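Text of final.txt (compact mmCIF, C-alpha atoms and all ligand atoms) as supplied:
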# COMPACT_ATOMS: atom_id res chain seq x y z
CA MET A 1431 107.07 77.45 163.33
CA LYS A 1432 105.64 78.73 166.60
CA ILE A 1433 101.93 78.54 167.37
CA ASN A 1434 100.69 81.27 169.71
CA TYR A 1435 97.30 82.45 170.94
CA ILE A 1436 96.27 85.83 172.29
CA GLN A 1437 93.08 87.59 173.30
CA ALA A 1438 92.85 90.71 171.10
CA ASP A 1439 91.12 92.59 168.32
CA ILE A 1440 92.74 91.25 165.14
CA THR A 1441 92.67 94.71 163.51
CA THR A 1442 95.38 95.79 165.98
CA VAL A 1443 97.74 92.88 165.19
CA SER A 1444 100.81 93.76 163.12
CA ALA A 1445 101.38 90.36 161.52
CA ASP A 1446 102.39 90.13 157.84
CA ILE A 1447 98.95 88.65 157.20
CA ILE A 1448 95.70 88.81 159.12
CA VAL A 1449 92.89 86.50 158.08
CA ASN A 1450 89.31 87.67 157.67
CA ALA A 1451 86.26 85.44 158.28
CA ALA A 1452 84.42 86.76 155.22
CA ASN A 1453 81.32 85.65 153.32
CA SER A 1454 81.14 84.53 149.67
CA SER A 1455 80.27 88.02 148.44
CA LEU A 1456 83.61 89.37 149.73
CA LEU A 1457 81.83 92.70 150.12
CA GLY A 1458 81.87 92.93 153.90
CA GLY A 1459 79.53 92.06 156.74
CA SER A 1460 79.47 92.23 160.53
CA GLY A 1461 81.70 90.56 163.14
CA VAL A 1462 85.42 90.45 162.37
CA ASP A 1463 84.69 91.15 158.68
CA GLY A 1464 82.98 94.42 159.59
CA ALA A 1465 85.85 95.44 161.88
CA ILE A 1466 88.51 94.73 159.21
CA HIS A 1467 86.70 96.71 156.50
CA ARG A 1468 85.84 99.55 158.88
CA LYS A 1469 89.36 100.01 160.21
CA GLY A 1470 91.22 99.00 157.05
CA GLY A 1471 89.38 101.54 154.92
CA SER A 1472 88.08 101.55 151.36
CA ALA A 1473 91.24 100.09 149.77
CA ILE A 1474 90.24 96.64 151.06
CA LEU A 1475 86.72 96.83 149.62
CA GLU A 1476 88.07 98.10 146.29
CA ALA A 1477 90.49 95.16 146.13
CA CYS A 1478 87.64 92.75 146.97
CA GLN A 1479 85.49 94.27 144.24
CA LYS A 1480 88.29 93.69 141.71
CA ILE A 1481 88.54 90.05 142.76
CA ARG A 1482 84.75 89.72 142.44
CA ALA A 1483 84.85 91.19 138.94
CA LYS A 1484 87.59 88.74 137.94
CA GLN A 1485 86.55 85.46 139.55
CA GLY A 1486 83.03 85.96 140.90
CA LYS A 1487 82.16 84.84 144.43
CA CYS A 1488 84.62 83.23 146.80
CA GLU A 1489 83.46 79.68 147.51
CA VAL A 1490 83.29 78.29 151.06
CA GLY A 1491 86.73 77.05 152.11
CA GLU A 1492 88.54 79.15 149.49
CA ALA A 1493 90.78 82.16 150.23
CA VAL A 1494 91.89 85.33 148.44
CA VAL A 1495 94.46 88.04 149.27
CA THR A 1496 94.09 91.83 149.37
CA THR A 1497 95.97 94.79 150.74
CA ALA A 1498 95.44 95.49 154.44
CA GLY A 1499 94.73 99.17 153.74
CA ASN A 1500 95.21 101.24 156.89
CA LEU A 1501 95.69 98.23 159.18
CA PRO A 1502 99.10 97.46 160.69
CA ALA A 1503 99.21 94.14 158.79
CA THR A 1504 100.57 93.96 155.21
CA TYR A 1505 97.92 91.71 153.67
CA VAL A 1506 94.44 90.44 154.49
CA ILE A 1507 93.50 86.92 153.46
CA HIS A 1508 89.74 86.65 153.14
CA THR A 1509 88.42 83.15 153.61
CA VAL A 1510 84.84 81.96 153.77
CA GLY A 1511 84.03 79.58 156.59
CA PRO A 1512 81.12 77.12 156.51
CA VAL A 1513 77.79 77.85 158.20
CA TRP A 1514 77.41 75.12 160.85
CA ASN A 1515 73.60 74.56 160.70
CA THR A 1516 73.28 70.84 161.38
CA GLY A 1517 77.02 70.33 161.11
CA GLY A 1518 78.72 67.18 159.86
CA LYS A 1519 82.00 66.00 158.40
CA GLU A 1520 81.59 68.07 155.25
CA LYS A 1521 81.49 71.27 157.33
CA GLU A 1522 84.56 70.16 159.25
CA ASN A 1523 86.43 69.59 155.97
CA LEU A 1524 85.41 73.02 154.68
CA LEU A 1525 86.72 74.70 157.82
CA GLN A 1526 89.96 72.76 157.42
CA ASN A 1527 90.17 74.06 153.83
CA CYS A 1528 89.96 77.65 155.13
CA TYR A 1529 93.03 77.22 157.33
CA GLN A 1530 94.89 75.21 154.71
CA ASN A 1531 94.24 77.61 151.82
CA ALA A 1532 95.21 80.59 153.99
CA MET A 1533 98.48 78.88 154.97
CA GLU A 1534 99.25 78.02 151.33
CA LEU A 1535 98.76 81.69 150.40
CA ALA A 1536 100.94 82.80 153.33
CA ILE A 1537 103.70 80.56 151.98
CA THR A 1538 103.20 81.86 148.43
CA TYR A 1539 103.50 85.43 149.75
CA ARG A 1540 106.56 84.41 151.77
CA SER A 1541 104.98 85.72 154.98
CA GLU A 1542 106.62 85.07 158.31
CA THR A 1543 103.63 85.77 160.53
CA ILE A 1544 99.93 85.09 160.06
CA ALA A 1545 97.10 85.79 162.50
CA PHE A 1546 93.77 83.94 162.39
CA PRO A 1547 90.44 84.80 164.00
CA CYS A 1548 88.20 81.91 165.15
CA ILE A 1549 86.67 81.39 161.71
CA SER A 1550 82.97 80.39 161.59
CA THR A 1551 82.49 80.44 165.38
CA GLY A 1552 80.46 83.68 165.50
CA ILE A 1553 77.54 84.31 163.16
CA TYR A 1554 78.19 80.95 161.42
CA ARG A 1555 77.81 79.12 164.77
CA PHE A 1556 80.46 76.43 164.38
CA PRO A 1557 81.05 74.81 167.83
CA LYS A 1558 84.04 76.59 169.37
CA GLU A 1559 85.99 73.61 170.69
CA LEU A 1560 85.61 71.62 167.47
CA ALA A 1561 86.61 74.66 165.40
CA ALA A 1562 89.72 75.23 167.55
CA THR A 1563 90.70 71.56 167.27
CA ILE A 1564 90.40 71.69 163.46
CA ALA A 1565 92.36 74.97 163.37
CA ILE A 1566 95.21 73.60 165.49
CA ASP A 1567 95.37 70.22 163.70
CA THR A 1568 95.44 71.88 160.27
CA ILE A 1569 98.06 74.47 161.20
CA SER A 1570 100.22 71.87 162.94
CA LYS A 1571 100.73 70.12 159.59
CA TYR A 1572 102.83 73.13 158.54
CA LYS A 1573 105.24 73.04 161.45
CA ASP A 1574 108.16 71.74 159.41
CA GLN A 1575 108.03 74.24 156.53
CA ALA A 1576 110.54 77.09 156.68
CA ILE A 1577 108.66 80.19 155.49
CA VAL A 1578 105.91 80.91 158.03
CA LYS A 1579 107.62 81.33 161.40
CA GLU A 1580 104.64 82.19 163.61
CA VAL A 1581 100.91 81.52 163.55
CA ILE A 1582 98.82 83.51 166.02
CA PHE A 1583 95.28 82.50 166.94
CA VAL A 1584 93.57 85.77 167.83
CA CYS A 1585 90.68 85.17 170.20
CA PHE A 1586 88.24 88.04 170.62
CA GLU A 1587 86.30 86.32 173.36
CA LYS A 1588 87.63 84.98 176.64
CA GLU A 1589 85.87 81.67 176.00
CA ASP A 1590 87.86 81.16 172.79
CA TYR A 1591 91.12 82.11 174.48
CA MET A 1592 90.52 79.55 177.22
CA CYS A 1593 89.70 76.94 174.62
CA TYR A 1594 93.03 77.48 172.79
CA GLU A 1595 94.84 77.53 176.11
CA ARG A 1596 93.35 74.17 177.01
CA LEU A 1597 94.17 72.63 173.64
CA LEU A 1598 97.64 74.12 173.19
CA LYS A 1599 99.15 74.13 176.65
CA ASN A 1600 100.71 70.71 176.21
CA GLU A 1601 102.00 71.47 172.71
CA THR A 1602 103.85 74.79 172.86
N1 LIG B 1701 89.07 90.55 166.10
C1 LIG B 1701 89.16 89.21 166.26
N2 LIG B 1701 88.11 88.39 166.31
C2 LIG B 1701 86.88 88.96 166.21
C3 LIG B 1701 86.68 90.34 166.04
C4 LIG B 1701 87.84 91.16 165.97
N3 LIG B 1701 87.77 92.48 165.81
N4 LIG B 1701 85.34 90.58 165.97
C5 LIG B 1701 84.72 89.37 166.12
N5 LIG B 1701 85.65 88.40 166.27
P1 LIG B 1701 82.26 86.23 162.98
P2 LIG B 1701 81.85 83.90 161.21
C6 LIG B 1701 85.48 86.94 166.46
O1 LIG B 1701 80.81 86.29 163.29
O2 LIG B 1701 81.22 83.13 162.31
C7 LIG B 1701 80.24 88.26 158.90
O3 LIG B 1701 79.10 89.03 158.76
C8 LIG B 1701 84.19 86.45 167.01
O4 LIG B 1701 84.18 86.59 168.43
O5 LIG B 1701 82.98 87.48 162.74
O6 LIG B 1701 82.90 83.22 160.37
C9 LIG B 1701 80.79 87.78 157.56
O7 LIG B 1701 80.59 88.74 156.54
C10 LIG B 1701 84.24 84.99 166.59
O8 LIG B 1701 85.01 84.24 167.53
O9 LIG B 1701 82.54 85.28 161.68
C11 LIG B 1701 80.01 86.54 157.33
O10 LIG B 1701 78.74 86.82 156.78
C12 LIG B 1701 85.02 85.02 165.28
O11 LIG B 1701 85.58 86.34 165.19
C13 LIG B 1701 79.84 85.95 158.70
O12 LIG B 1701 79.90 87.06 159.59
C14 LIG B 1701 84.18 84.77 164.05
O13 LIG B 1701 82.94 85.42 164.17
C15 LIG B 1701 80.96 85.01 159.05
O14 LIG B 1701 80.67 84.40 160.28
Let me see the file written as structure tokens.
Amino acid sequence: MKINYIQADITTVSADIIVNAANSSLLGGSGVDGAIHRKGGSAILEACQKIRAKQGKCEVGEAVVTTAGNLPATYVIHTVGPVWNTGGKEKENLLQNCYQNAMELAITYRSETIAFPCISTGIYRFPKELAATIAIDTISKYKDQAIVKEVIFVCFEKEDYMCYERLLKNET
């Protein structure tokens, strides 16, 4: 499994799965969530509403799958990152759960490529370097499985891209 990082808008990425940094309502918001719903169209919101009707809210750290609507990806995995606030180990574990649950779903859906945004590092204010370290450490645990062939960290901001570059340059 390759681990790559790019600076891009995740709605333009044609991976089998793109991951959304959603909130527990699953009904959309701003940031990457807003962009995915806006460009993906109403099919994504309709699928989220069905999930809501069936299971209620999506808890922090959990993940669900929908169609990607009009986006070039096949599926969107919506996961809910933790709000940093005062931080702490519990928040770190919840962010780890986001990456882990998304990867487990990618394997279940037999997806070869999955693209992640920098979950929780925008509106939810998780420190960028710590979030990237958790993301890389969690994803690295999957390097010996045979289904997912490529994980792409999609950095919207230059600062995030440089962070991944720093952390990954000795690994890839
Ligand atoms: N493509 C890739 N990354 C993006 C894009 C994009 N089009 N747009 C923003 N980012 P955020 P959070 C980056 O705030 O912190 C929403 O309202 C952004 O630069 O989108 O997990 C939800 O509904 C940052 O690095 O998500 C929730 O209420 C990263 O995506 C809440 O925000 C995450 O920033 C979730 O907050």
Of the listed residues A:Val1513, A:Ile1481, A:Val1462, A:Ala1438, that which approaches A:Tyr1554 most closely, counting all atoms listed in the file: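 Ranking A:Val1513, A:Ile1481, A:Val1462, A:Ala1438 by distance to A:Tyr1554, first place goes to A:Val1513.
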Which residue of A:Asp1446, A:Glu1522, A:Glu1534, A:Glu1476 approaches A:Ile1569 most closely, using only C-alpha atoms: A:Glu1534
Point (81.0, 89.4, 149.6), cut-off 9 Å, counting all atoms listed in the file, residues as a PyMOL selection string: chain A and resi 1452-1459+1478-1479+1482+1487-1488
Using only C-alpha atoms and all ligand atoms, tabulate the residues of chain A lying at most 6 Å from any atom of ligand LIG 1701 (chain B), each with its closest atom pair and that distance in Å to one decimal, by chain and increasing residue number, as CSV.
residue,atom,partner,partner_atom,distance
A:Asp1439,CA,B:LIG1701,N1,3.6
A:Ile1440,CA,B:LIG1701,N1,3.9
A:Thr1441,CA,B:LIG1701,N3,5.9
A:Ala1451,CA,B:LIG1701,O6,4.5
A:Ala1452,CA,B:LIG1701,C9,4.4
A:Asn1453,CA,B:LIG1701,C11,4.3
A:Gly1458,CA,B:LIG1701,O7,5.1
A:Gly1459,CA,B:LIG1701,O7,3.5
A:Ser1460,CA,B:LIG1701,O3,3.7
A:Gly1461,CA,B:LIG1701,O5,3.4
A:Val1462,CA,B:LIG1701,N4,3.6
A:Asp1463,CA,B:LIG1701,O7,5.2
A:Ala1465,CA,B:LIG1701,N3,5.3
A:Gly1511,CA,B:LIG1701,O6,5.4
A:Pro1547,CA,B:LIG1701,N2,4.9
A:Cys1548,CA,B:LIG1701,C12,4.4
A:Ile1549,CA,B:LIG1701,O6,4.4
A:Ser1550,CA,B:LIG1701,O6,3.1
A:Thr1551,CA,B:LIG1701,O2,4.3
A:Gly1552,CA,B:LIG1701,O13,3.3
A:Ile1553,CA,B:LIG1701,O1,3.8
A:Tyr1554,CA,B:LIG1701,O2,3.8
A:Arg1555,CA,B:LIG1701,O2,5.8
A:Val1584,CA,B:LIG1701,C1,5.8
A:Cys1585,CA,B:LIG1701,N2,5.7
A:Phe1586,CA,B:LIG1701,N2,4.3
A:Glu1587,CA,B:LIG1701,O4,5.4
Give, as JSON, the centre coordinates and the x, y and z edge lengths in Å to one decimal for an axis-aligned box around all listed atoms of stretch 1441-1449 of chain A, padded by 8 Å on each side.
{"center_x": 97.5, "center_y": 91.1, "center_z": 161.6, "size_x": 25.7, "size_y": 25.3, "size_z": 24.8}
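You will find atom CA of A:Glu1559 at 8.1 Å from atom CA of A:Asp1590.
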Distance criterion (all atoms listed in the file): nearest to A:Thr1543 out of A:Leu1597, A:Ala1561, A:Val1495, A:Ala1503: A:Ala1503
Pairwise distance for atom CA of A:Asn1434 and atom CA of A:Thr1504, rounded to one decimal in Å: 19.3 Å
Interatomic distance (Å, one decimal) between atom CA of A:Gly1518 and atom CA of A:Ala1545: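 Computing the Euclidean distance for atom CA of A:Gly1518 and atom CA of A:Ala1545 yields 26.3 Å.
Each of A:Asn1450, A:Gln1575, A:Asn1500, A:Gln1437 was checked against A:Ala1532 using only C-alpha atoms; the smallest atom-to-atom distance is that of A:Asn1450.
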Protein/DNA/RNA residues near (92.5, 75.3, 167.4), cut 9 Å, all atoms listed in the file, as number ranges by chain: A: 1548, 1558-1569, 1583, 1593-1594, 1597-1598
Nearest to A:Tyr1572 by atom-to-atom distance, counting all atoms listed in the file, from A:Gln1530, A:Ala1498, A:Phe1556, A:Phe1546: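 Nearest candidate to A:Tyr1572 out of A:Gln1530, A:Ala1498, A:Phe1556, A:Phe1546: A:Gln1530.
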